[in-house]
$ cat data-v7.cif   # mmCIF, C-alpha atoms
data_run
#
loop_
_atom_site.label_atom_id
_atom_site.label_comp_id
_atom_site.auth_asym_id
_atom_site.auth_seq_id
_atom_site.Cartn_x
_atom_site.Cartn_y
_atom_site.Cartn_z
CA MET A 1 104.43 75.42 -18.62
CA ALA A 2 107.09 77.95 -17.65
CA VAL A 3 107.85 78.63 -14.02
CA TYR A 4 106.95 82.21 -13.14
CA ASP A 5 108.61 84.20 -10.40
CA PRO A 6 106.31 87.01 -9.16
CA ARG A 7 109.35 89.13 -8.33
CA ILE A 8 110.42 89.21 -12.01
CA ALA A 9 108.47 90.93 -14.78
CA TYR A 10 107.75 89.03 -17.99
CA ASP A 11 106.41 90.28 -21.24
CA LYS A 12 103.04 89.05 -22.45
CA SER A 13 104.71 86.40 -24.64
CA GLY A 14 106.10 84.76 -21.51
CA TYR A 15 109.68 85.94 -22.05
CA LEU A 16 111.81 87.99 -19.72
CA TYR A 17 112.39 91.39 -21.23
CA ASN A 18 115.92 92.64 -21.64
CA GLN A 19 116.72 94.98 -18.76
CA ALA A 20 119.43 96.75 -20.79
CA ALA A 21 117.42 97.45 -23.95
CA PRO A 22 115.55 100.71 -24.64
CA TYR A 23 111.84 100.57 -23.88
CA ASP A 24 108.67 102.41 -24.91
CA GLY A 25 105.53 101.35 -23.07
CA PHE A 26 104.56 98.10 -21.38
CA SER A 27 106.67 95.05 -22.15
CA SER A 28 105.16 93.70 -25.37
CA ALA A 29 107.91 91.70 -27.10
CA PRO A 30 111.10 89.91 -26.07
CA GLY A 31 114.08 92.22 -25.74
CA GLN A 32 112.18 95.51 -25.50
CA GLY A 33 113.79 96.59 -22.25
CA VAL A 34 112.72 98.07 -18.93
CA SER A 35 109.22 99.49 -18.72
CA PRO A 36 108.78 103.12 -17.59
CA TRP A 37 105.67 101.83 -15.83
CA THR A 38 105.45 100.06 -12.49
CA ILE A 39 102.19 98.38 -11.58
CA GLU A 40 102.24 96.70 -8.18
CA LEU A 41 99.65 94.44 -6.58
CA ALA A 42 99.58 93.45 -2.91
CA ILE A 43 100.28 89.72 -2.70
CA ASP A 44 100.42 87.50 0.38
CA LEU A 45 103.64 85.69 -0.46
CA ALA A 46 102.78 82.79 1.84
CA ALA A 47 99.12 82.39 0.85
CA ASN A 48 99.79 79.46 -1.49
CA GLY A 49 102.17 77.66 0.83
CA VAL A 50 105.16 78.28 -1.44
CA GLY A 51 108.39 79.64 0.02
CA ASP A 52 109.96 79.66 3.44
CA PHE A 53 107.19 81.53 5.24
CA PHE A 54 104.93 80.71 8.17
CA THR A 55 101.97 78.79 6.72
CA LEU A 56 98.83 77.89 8.65
CA ASP A 57 98.02 74.18 8.98
CA ASP A 58 101.45 73.17 7.70
CA ALA A 59 103.14 70.62 9.98
CA THR A 60 106.56 72.23 9.58
CA LYS A 61 105.98 75.82 8.49
CA GLY A 62 102.98 76.31 10.77
CA VAL A 63 104.78 75.77 14.10
CA LEU A 64 104.27 78.78 16.37
CA ASN A 65 107.28 80.70 17.71
CA ASN A 66 109.69 79.13 15.21
CA VAL A 67 112.58 81.28 13.95
CA THR A 68 112.86 79.74 10.47
CA TYR A 69 109.44 80.20 8.88
CA LEU A 70 108.51 83.77 9.64
CA ILE A 71 105.20 85.49 8.94
CA ALA A 72 105.43 87.05 5.48
CA GLY A 73 102.35 89.24 5.34
CA GLU A 74 101.56 91.14 2.17
CA ALA A 75 104.13 92.63 -0.18
CA LEU A 76 103.71 94.77 -3.27
CA VAL A 77 104.67 92.61 -6.24
CA ASP A 78 105.51 94.04 -9.67
CA ILE A 79 103.01 92.74 -12.24
CA THR A 80 103.96 95.21 -15.00
CA GLY A 81 105.08 92.46 -17.37
CA TRP A 82 101.54 91.10 -17.66
CA VAL A 83 99.81 94.45 -18.23
CA ARG A 84 98.32 94.99 -21.70
CA SER A 85 96.58 98.30 -21.05
CA LEU A 86 95.35 100.57 -18.29
CA ASP A 87 92.79 103.32 -17.91
CA VAL A 88 92.87 105.70 -14.91
CA LYS A 89 90.25 108.36 -14.20
CA ARG A 90 90.42 110.76 -11.26
CA GLY A 91 88.65 113.97 -10.28
CA ARG A 92 85.50 115.56 -11.66
CA SER A 93 84.19 116.81 -15.00
CA ARG A 94 84.10 120.50 -14.03
CA ILE A 95 84.63 122.80 -11.09
CA LEU A 96 80.96 123.03 -10.04
CA GLU A 97 80.77 119.29 -9.37
CA LYS A 98 82.04 117.27 -6.42
CA PHE A 99 85.12 115.12 -6.74
CA THR A 100 84.31 111.44 -7.04
CA ALA A 101 86.27 108.27 -6.34
CA GLY A 102 89.14 107.68 -8.73
CA SER A 103 89.16 104.47 -10.74
CA CYS A 104 91.73 102.28 -12.44
CA LYS A 105 90.98 99.51 -14.94
CA ILE A 106 93.79 97.19 -16.01
CA VAL A 107 93.84 94.43 -18.61
CA LEU A 108 96.26 91.62 -17.72
CA ASP A 109 97.53 88.77 -19.85
CA ASN A 110 96.03 85.66 -18.27
CA ARG A 111 96.87 82.98 -20.81
CA GLU A 112 98.68 80.96 -18.11
CA ARG A 113 95.77 81.62 -15.69
CA LEU A 114 98.23 83.18 -13.23
CA PHE A 115 95.53 85.66 -12.19
CA ASP A 116 92.78 83.04 -11.90
CA PRO A 117 91.70 82.61 -8.25
CA LEU A 118 91.26 78.86 -8.85
CA MET A 119 94.81 78.32 -10.17
CA THR A 120 96.55 76.75 -7.17
CA SER A 121 99.93 76.57 -8.95
CA SER A 122 100.02 80.33 -9.56
CA PRO A 123 102.46 82.33 -7.40
CA PHE A 124 99.56 84.72 -6.87
CA TYR A 125 97.15 82.06 -5.62
CA GLY A 126 95.20 83.23 -2.57
CA SER A 127 95.64 86.91 -3.42
CA ILE A 128 93.37 87.27 -6.46
CA VAL A 129 90.61 88.70 -4.28
CA PRO A 130 88.94 92.11 -3.80
CA ARG A 131 90.39 94.87 -1.60
CA LYS A 132 94.04 94.17 -2.45
CA GLN A 133 96.07 97.36 -2.78
CA ILE A 134 97.26 98.37 -6.23
CA ILE A 135 99.75 101.13 -7.07
CA VAL A 136 100.42 102.51 -10.54
CA SER A 137 103.37 104.76 -11.34
CA ARG A 138 105.37 105.88 -14.35
CA ASP A 139 109.03 106.92 -14.22
CA GLY A 140 108.75 106.91 -10.44
CA ALA A 141 105.82 109.38 -10.42
CA PRO A 142 102.58 108.12 -8.84
CA VAL A 143 99.58 107.82 -11.16
CA PHE A 144 97.02 105.96 -9.02
CA THR A 145 96.79 104.35 -5.58
CA GLY A 146 93.76 102.33 -4.57
CA ASN A 147 92.27 98.92 -3.91
CA VAL A 148 90.85 96.28 -6.22
CA GLN A 149 87.07 96.28 -6.18
CA ASP A 150 86.31 93.54 -8.70
CA TRP A 151 88.08 90.92 -10.78
CA ASP A 152 86.62 90.14 -14.20
CA PHE A 153 87.89 87.37 -16.47
CA SER A 154 87.60 86.76 -20.20
CA TYR A 155 88.41 83.29 -21.55
CA ASP A 156 88.74 83.42 -25.32
CA VAL A 157 88.21 80.29 -27.44
CA GLY A 158 91.51 81.10 -29.16
CA GLY A 159 93.35 81.18 -25.83
CA ASN A 160 93.75 84.96 -25.64
CA ASP A 161 92.62 85.08 -22.00
CA THR A 162 92.63 88.22 -19.85
CA ALA A 163 92.07 89.23 -16.24
CA MET A 164 90.69 92.69 -15.57
CA PRO A 165 90.98 94.08 -12.03
CA SER A 166 88.93 97.23 -11.45
CA SER A 167 90.13 99.43 -8.60
CA VAL A 168 88.92 102.51 -6.74
CA ASP A 169 90.73 104.95 -4.49
CA GLY A 170 90.11 105.73 -0.82
CA PHE A 171 87.03 107.87 -1.49
CA ALA A 172 85.04 104.68 -2.01
CA LEU A 173 86.15 103.33 1.37
CA VAL A 174 85.31 106.55 3.23
CA ALA A 175 81.93 106.70 1.48
CA GLN A 176 81.01 103.45 3.26
CA SER A 177 81.77 104.88 6.73
CA THR A 178 79.34 106.59 9.08
CA MET A 179 79.74 108.91 12.06
CA ALA A 180 78.50 108.70 15.62
CA ALA A 181 76.16 111.39 16.91
CA GLY A 182 77.77 114.38 18.60
CA THR A 183 78.42 118.11 18.56
CA ALA A 184 81.36 119.36 16.52
CA THR A 185 83.97 121.78 17.86
CA PRO A 186 84.03 125.14 16.01
CA GLY A 187 87.19 125.82 14.03
CA TYR A 188 88.78 126.09 10.64
CA THR A 189 87.65 123.86 7.82
CA GLY A 190 90.96 121.98 7.76
CA SER A 191 90.65 121.11 11.44
CA ARG A 192 87.13 119.78 10.86
CA ILE A 193 88.38 117.56 8.01
CA THR A 194 91.18 116.29 10.26
CA SER A 195 88.91 115.48 13.20
CA THR A 196 86.47 113.69 10.90
CA LEU A 197 89.26 111.59 9.41
CA ASN A 198 90.43 110.78 12.94
CA ALA A 199 86.97 109.54 13.85
CA ALA A 200 86.84 107.46 10.66
CA GLY A 201 90.22 105.88 11.42
CA TRP A 202 91.93 107.19 8.27
CA PRO A 203 95.76 106.80 8.61
CA SER A 204 97.47 110.03 9.67
CA GLY A 205 100.36 109.38 7.27
CA LEU A 206 98.02 109.41 4.29
CA ARG A 207 96.79 112.99 4.59
CA ASP A 208 97.54 116.33 2.97
CA ILE A 209 95.15 118.72 4.70
CA ALA A 210 95.31 122.51 4.36
CA THR A 211 94.44 124.64 7.39
CA GLY A 212 91.59 126.30 5.53
CA LEU A 213 90.48 129.91 5.33
CA GLY A 214 86.86 129.48 6.40
CA SER A 215 85.43 128.47 9.76
CA VAL A 216 82.63 126.11 10.64
CA GLY A 217 80.36 126.11 13.67
CA ALA A 218 79.30 123.74 16.44
CA ASP A 219 76.88 121.78 14.31
CA ILE A 220 75.18 118.68 15.68
CA VAL A 221 76.15 115.53 13.83
CA ALA A 222 73.33 113.09 13.31
CA ASP A 223 73.91 109.43 14.16
CA ASN A 224 75.11 107.38 11.18
CA GLU A 225 75.77 110.44 9.04
CA ASN A 226 77.91 109.51 6.06
CA VAL A 227 81.56 110.50 6.58
CA LEU A 228 82.26 111.55 3.00
CA ALA A 229 79.01 113.49 2.61
CA TYR A 230 79.79 115.35 5.85
CA MET A 231 83.30 116.30 4.73
CA GLN A 232 81.92 117.48 1.39
CA LYS A 233 79.77 119.95 3.34
CA VAL A 234 82.99 121.24 4.86
CA GLU A 235 84.47 121.43 1.36
CA LEU A 236 81.52 123.53 0.16
CA SER A 237 81.82 125.77 3.22
CA GLU A 238 85.34 126.62 2.09
CA ASP A 239 84.67 126.36 -1.67
CA GLY A 240 87.79 124.22 -1.61
CA ALA A 241 88.83 120.90 -3.12
CA LEU A 242 88.53 117.50 -1.42
CA PHE A 243 89.93 114.42 -3.15
CA ILE A 244 92.26 111.42 -2.91
CA GLY A 245 95.67 112.28 -4.30
CA LYS A 246 97.47 110.07 -6.82
CA SER A 247 99.72 108.75 -4.03
CA GLY A 248 96.67 107.74 -1.96
CA LYS A 249 96.62 110.72 0.41
CA PHE A 250 93.31 112.23 1.49
CA THR A 251 93.77 115.79 0.26
CA PHE A 252 92.05 119.07 1.13
CA ARG A 253 92.90 122.33 -0.64
CA ASP A 254 91.47 125.61 0.64
CA SER A 255 89.88 128.37 -1.43
CA SER A 256 93.01 130.48 -1.80
CA ASN A 257 94.18 130.93 -5.38
CA PRO A 258 95.42 127.59 -6.76
CA ILE A 259 99.16 127.09 -7.00
CA TYR A 260 100.50 127.68 -10.50
CA THR A 261 102.83 124.81 -11.26
CA GLY A 262 104.62 126.55 -14.12
CA ALA A 263 103.21 124.04 -16.63
CA SER A 264 102.39 125.82 -19.88
CA PHE A 265 100.55 123.92 -22.60
CA GLY A 266 100.57 125.05 -26.21
CA THR A 267 103.63 127.28 -26.40
CA ASP A 268 105.79 124.94 -24.32
CA ILE A 269 104.24 121.49 -23.87
CA ASN A 270 102.60 120.26 -27.06
CA MET A 271 98.95 119.24 -27.08
CA ILE A 272 97.36 116.80 -29.52
CA ASP A 273 93.80 117.82 -28.62
CA TYR A 274 92.34 121.06 -27.35
CA GLN A 275 88.65 121.68 -26.60
CA VAL A 276 86.88 124.92 -25.74
CA VAL A 277 83.29 125.34 -24.61
CA TYR A 278 81.11 128.42 -24.41
CA GLY A 279 77.76 127.97 -22.77
CA VAL A 280 75.87 127.53 -19.53
CA GLU A 281 77.76 124.53 -18.10
CA GLU A 282 79.27 126.82 -15.45
CA LEU A 283 76.53 129.40 -15.09
CA TRP A 284 74.70 130.03 -11.81
CA ASN A 285 72.78 133.28 -11.38
CA LYS A 286 70.74 132.35 -8.31
CA ILE A 287 72.76 130.89 -5.46
CA ASN A 288 71.43 129.61 -2.12
CA VAL A 289 73.82 128.93 0.76
CA THR A 290 72.46 127.19 3.85
CA TYR A 291 74.07 127.23 7.29
CA PRO A 292 73.09 124.91 10.16
CA ASN A 293 71.67 125.13 13.64
CA GLY A 294 71.90 121.62 15.00
CA THR A 295 70.70 119.10 12.46
CA ALA A 296 68.51 121.53 10.48
CA PRO A 297 69.51 124.64 8.49
CA ALA A 298 69.26 127.77 10.62
CA GLY A 299 68.79 129.81 7.50
CA THR A 300 69.42 130.24 3.85
CA VAL A 301 71.11 133.18 2.16
CA THR A 302 70.05 133.78 -1.45
CA VAL A 303 71.83 136.07 -3.88
CA GLN A 304 70.98 136.51 -7.56
CA ASP A 305 71.76 138.55 -10.63
CA ALA A 306 68.72 139.92 -12.46
CA THR A 307 70.68 140.95 -15.57
CA SER A 308 72.01 137.43 -16.05
CA GLN A 309 68.58 135.90 -15.41
CA THR A 310 66.97 138.15 -18.02
CA ALA A 311 69.61 137.25 -20.58
CA TYR A 312 69.91 133.48 -19.99
CA GLY A 313 67.10 132.38 -17.69
CA VAL A 314 67.36 131.29 -14.07
CA PHE A 315 70.11 128.83 -13.17
CA GLU A 316 69.80 127.99 -9.50
CA VAL A 317 72.05 126.01 -7.16
CA THR A 318 72.04 125.34 -3.40
CA TYR A 319 75.21 124.95 -1.35
CA GLU A 320 74.57 123.07 1.89
CA THR A 321 77.38 124.20 4.21
CA LEU A 322 78.46 124.05 7.85
CA LEU A 323 79.15 127.79 8.08
CA SER A 324 78.20 129.26 11.44
CA THR A 325 76.73 132.67 10.53
CA SER A 326 74.61 134.34 7.87
CA GLY A 327 77.47 136.76 7.22
CA GLN A 328 79.79 133.91 6.25
CA ALA A 329 77.09 132.40 4.06
CA THR A 330 76.52 135.76 2.33
CA THR A 331 80.22 136.20 1.63
CA LEU A 332 80.44 132.74 0.07
CA ALA A 333 77.26 133.24 -1.99
CA ASN A 334 78.44 136.60 -3.37
CA SER A 335 81.84 135.14 -4.25
CA LEU A 336 80.23 132.28 -6.16
CA LEU A 337 77.81 134.61 -7.95
CA ALA A 338 80.65 136.86 -9.10
CA GLN A 339 82.43 133.86 -10.62
CA TYR A 340 79.51 132.13 -12.29
CA LYS A 341 76.82 134.65 -13.24
CA GLN A 342 77.99 134.91 -16.85
CA PRO A 343 78.74 132.13 -19.39
CA LYS A 344 82.44 131.56 -20.01
CA TYR A 345 84.48 130.96 -23.11
CA ARG A 346 86.80 128.47 -21.48
CA VAL A 347 89.22 125.66 -22.09
CA ASP A 348 87.38 122.45 -21.22
CA GLN A 349 90.07 119.82 -21.76
CA ILE A 350 93.44 119.16 -23.34
CA THR A 351 95.22 115.91 -24.24
CA VAL A 352 98.94 115.24 -24.49
CA PHE A 353 100.82 112.31 -26.05
CA LEU A 354 103.47 111.65 -23.43
CA GLU A 355 105.93 109.84 -25.73
CA SER A 356 106.20 112.99 -27.91
CA LEU A 357 107.50 115.10 -25.01
CA THR A 358 111.00 115.62 -23.69
CA THR A 359 112.06 113.90 -20.47
CA ALA A 360 111.71 117.20 -18.57
CA GLN A 361 108.27 117.86 -20.02
CA GLN A 362 107.14 114.33 -19.16
CA ALA A 363 108.21 114.89 -15.55
CA THR A 364 106.26 118.17 -15.43
CA VAL A 365 103.10 116.57 -16.81
CA LEU A 366 103.32 113.50 -14.56
CA GLY A 367 103.84 115.77 -11.55
CA LEU A 368 100.53 117.58 -12.01
CA GLU A 369 97.76 116.94 -9.49
CA LEU A 370 94.07 117.72 -9.14
CA ALA A 371 93.40 121.38 -8.16
CA ASP A 372 96.75 122.51 -9.59
CA ALA A 373 96.77 125.49 -11.96
CA VAL A 374 98.22 125.39 -15.47
CA LEU A 375 98.48 127.85 -18.35
CA VAL A 376 96.97 127.02 -21.75
CA GLU A 377 97.99 129.13 -24.75
CA TRP A 378 96.90 128.51 -28.33
CA GLN A 379 96.67 130.38 -31.60
CA ARG A 380 96.00 129.31 -35.18
CA PHE A 381 94.08 132.15 -36.81
CA GLY A 382 93.00 135.41 -35.25
CA PRO A 383 93.26 136.28 -31.55
CA ALA A 384 95.40 134.10 -29.30
CA ILE A 385 93.87 132.25 -26.37
CA SER A 386 95.71 132.44 -23.07
CA GLN A 387 93.92 131.10 -20.02
CA TYR A 388 94.91 129.92 -16.56
CA CYS A 389 93.00 126.77 -15.68
CA ILE A 390 92.48 124.59 -12.64
CA ILE A 391 92.77 120.84 -13.12
CA ASP A 392 89.42 119.18 -12.39
CA GLY A 393 90.14 115.73 -13.76
CA ILE A 394 93.06 113.60 -14.94
CA GLU A 395 92.66 110.58 -17.22
CA HIS A 396 95.40 108.19 -18.34
CA GLN A 397 94.96 105.80 -21.26
CA ALA A 398 97.98 103.61 -21.82
CA LYS A 399 98.98 100.63 -23.91
CA PRO A 400 102.33 99.56 -25.40
CA LEU A 401 104.11 102.54 -27.00
CA GLU A 402 101.25 104.93 -26.27
CA HIS A 403 100.33 106.98 -23.21
CA LEU A 404 97.66 109.65 -23.54
CA ILE A 405 96.85 112.02 -20.65
CA THR A 406 93.69 114.13 -20.73
CA PHE A 407 93.18 117.01 -18.32
CA LYS A 408 89.66 118.27 -17.59
CA LEU A 409 89.90 122.00 -16.88
CA SER A 410 88.01 125.04 -15.62
CA GLU A 411 89.08 128.67 -15.87
CA THR A 412 90.70 130.14 -12.78
CA THR A 413 92.80 133.07 -11.58
CA ILE A 414 96.18 132.98 -9.87
#
$ encode --input "data-v7.cif" --output "structure tokens"
Amino acid sequence: MAVYDPRIAYDKSGYLYNQAAPYDGFSSAPGQGVSPWTIELAIDLAANGVGDFFTLDDATKGVLNNVTYLIAGEALVDITGWVRSLDVKRGRSRILEKFTAGSCKIVLDNRERLFDPLMTSSPFYGSIVPRKQIIVSRDGAPVFTGNVQDWDFSYDVGGNDTAMPSSVDGFALVAQSTMAAGTATPGYTGSRITSTLNAAGWPSGLRDIATGLGSVGADIVADNENVLAYMQKVELSEDGALFIGKSGKFTFRDSSNPIYTGASFGTDINMIDYQVVYGVEELWNKINVTYPNGTAPAGTVTVQDATSQTAYGVFEVTYETLLSTSGQATTLANSLLAQYKQPKYRVDQITVFLESLTTAQQATVLGLELADAVLVEWQRFGPAISQYCIIDGIEHQAKPLEHLITFKLSETTI
């Protein structure tokens, strides 16, 4: 059996790939070159007792206060050479839904059982466990940052064995946290998100929080209230966007017009798939907005459009917010009704084949983030379609020589 160094990437045949050769996709054959991808897994370099690191219960390396065998801790180790495919999903299906935890599923070559938690000779032994950090990037641009939730293994009778770590981003961690009872301090929505993250112990360096345009009141927080559910009430109060960014930052965007990135699909960046919907998926013609007084709603503002209801039936939704007055609730309800009282002919999703794009176009596409605005233009027969859209979801499907990116979209204005 070959000796594997976790600091060097191998292709799935067990050969080092040629660092000087051109490369398209994950390393899949000897001599293919440097991968544009980097997939890193947090590994405790001293967990298996290999190397000159402090090691518990070792007569030599476990001596306290020595200056030779230092504590290694965890390091991000490049495992790109073992990756066969990956699938990343982040965001939501459409603008009227809440953002959910992002996920990343990776298929690893495990024919040498290097990613088997029972394989004591593996350089990764002791680190094939849940909650290890994983970072995925392409051409230096972040794609996903999260932690391994589960390890699944497939042992094929023909020896084609695989390991499949499934990861989630920080939303899943925050969703497991609760808050202590108390009374909140009135202020802008961004300040409320910040104070809630402080109470939850979320690292200050992993935040991208807008100030916010709306304000929230001195609501009374119930004991053991879920942290994520509470912050999503703040998000609804602003009609903003709350998600984990691709670099792992807890991100809050306010309700001001989304930033247009300059990305134009169709006339500039080629699409291989383009889908339009026209129906009631984003239709609300009766909107209730609640605002609190302590732990119970102080009132509910309801606005509706009779013309829309006559034409399409009643489509009702309730926004549970932390707004402090009925006036604020009315303003939010009227804004939502104006946007969603009629069905929309809208771009629902587009897909690009990254390898078909220029280097500059690839950089533009990889730089896009949730809640960014893009322009989609398309014409085959008849009238042209030109629509500004907000990015609701981003999905990556990648295997050797192929990287597809699908953007879930909703119509917006800039």
$ resolve_selection --input "data-v7.cif" --expression "the PyMOL selection byres ((chain A and resi 238) around 12)" --output "ChimeraX atom specification"
/A:188-190,192-193,210-216,231-237,239-242,252-256,289,319-323,328-329,331-333,335-336
$ resolve_selection --input "data-v7.cif" --expression "the PyMOL selection byres ((chain A and resi 246) around 10)" --output "JSON, numbers by chain"
{"A": [90, 102, 135, 136, 137, 141, 142, 143, 144, 145, 146, 169, 243, 244, 245, 247, 248, 249, 250, 251, 367, 368, 369, 370, 394]}
$ residues_around --input "data-v7.cif" --residues "Asp150 (chain A)" --least-positions-apart "4" --cutoff "7 Å" --atoms "all atoms listed in the file" --output "list in words"
Pro130, Pro165 and Ser166 of chain A
$ closest_residue --input "data-v7.cif" --among "A:Thr196, A:Thr120, A:Asp392, A:Val347" --to "Lys98 (chain A)" --atoms "all atoms listed in the file"
A:Asp392
$ atom_distance --input "data-v7.cif" --atom1 "CA of Trp151 (chain A)" --atom2 "CA of Pro117 (chain A)"
9.4 Å
$ residues_around --input "data-v7.cif" --residues "Val227 (chain A)" --least-positions-apart "3" --cutoff "8 Å" --atoms "all atoms listed in the file" --output "ChimeraX atom specification"
/A:174-179,196,200,230-231
$ atom_distance --input "data-v7.cif" --atom1 "CA of Glu281 (chain A)" --atom2 "CA of Ala373 (chain A)"
20.0 Å
$ closest_residue --input "data-v7.cif" --among "A:Thr38, A:Ser386, A:Thr330, A:Asn224" --to "Ala181 (chain A)" --atoms "all atoms listed in the file"
A:Asn224
$ resolve_selection --input "data-v7.cif" --expression "the PyMOL selection byres ((chain A and resi 378-381) around 10)" --output "MDAnalysis selection string"
chainID A and resid 265:267 271 274 376:377 382:387
$ residues_near_point --input "data-v7.cif" --point "(77.6, 118.1, 14.1)" --cutoff "9 Å" --atoms "all atoms listed in the file" --output "VMD selection string"
chain A and resid 181 to 185 217 to 222 230 294 to 295 322
$ write_last_selection --input "data-v7.cif" --atoms "C-alpha atoms" --output "short mmCIF file (atom, residue, chain, number, x, y, z; two decimals), in the coordinates of the input"
data_model
loop_
_atom_site.label_atom_id
_atom_site.label_comp_id
_atom_site.auth_asym_id
_atom_site.auth_seq_id
_atom_site.Cartn_x
_atom_site.Cartn_y
_atom_site.Cartn_z
CA ALA A 181 76.16 111.39 16.91
CA GLY A 182 77.77 114.38 18.60
CA THR A 183 78.42 118.11 18.56
CA ALA A 184 81.36 119.36 16.52
CA THR A 185 83.97 121.78 17.86
CA GLY A 217 80.36 126.11 13.67
CA ALA A 218 79.30 123.74 16.44
CA ASP A 219 76.88 121.78 14.31
CA ILE A 220 75.18 118.68 15.68
CA VAL A 221 76.15 115.53 13.83
CA ALA A 222 73.33 113.09 13.31
CA TYR A 230 79.79 115.35 5.85
CA GLY A 294 71.90 121.62 15.00
CA THR A 295 70.70 119.10 12.46
CA LEU A 322 78.46 124.05 7.85
#
$ closest_residue --input "data-v7.cif" --among "A:Leu76, A:Leu96, A:Leu409, A:Ala263" --to "Trp284 (chain A)" --atoms "only C-alpha atoms"
A:Leu96
$ atom_distance --input "data-v7.cif" --atom1 "CA of Val314 (chain A)" --atom2 "CA of Ile390 (chain A)"
26.0 Å
$ residues_around --input "data-v7.cif" --residues "region 259-261 of chain A" --least-positions-apart "5" --cutoff "7 Å" --atoms "only C-alpha atoms" --output "ChimeraX atom specification"
/A:372-374,414
$ residues_near_point --input "data-v7.cif" --point "(95.3, 86.9, -10.6)" --cutoff "10 Å" --atoms "only C-alpha atoms" --output "PyMOL selection string"
chain A and resi 41+43+79+108-110+113-119+122-129+151-153+162-165
$ closest_residue --input "data-v7.cif" --among "A:Asp44, A:Glu402, A:Glu395, A:Glu282" --to "Val77 (chain A)" --atoms "all atoms listed in the file"
A:Asp44
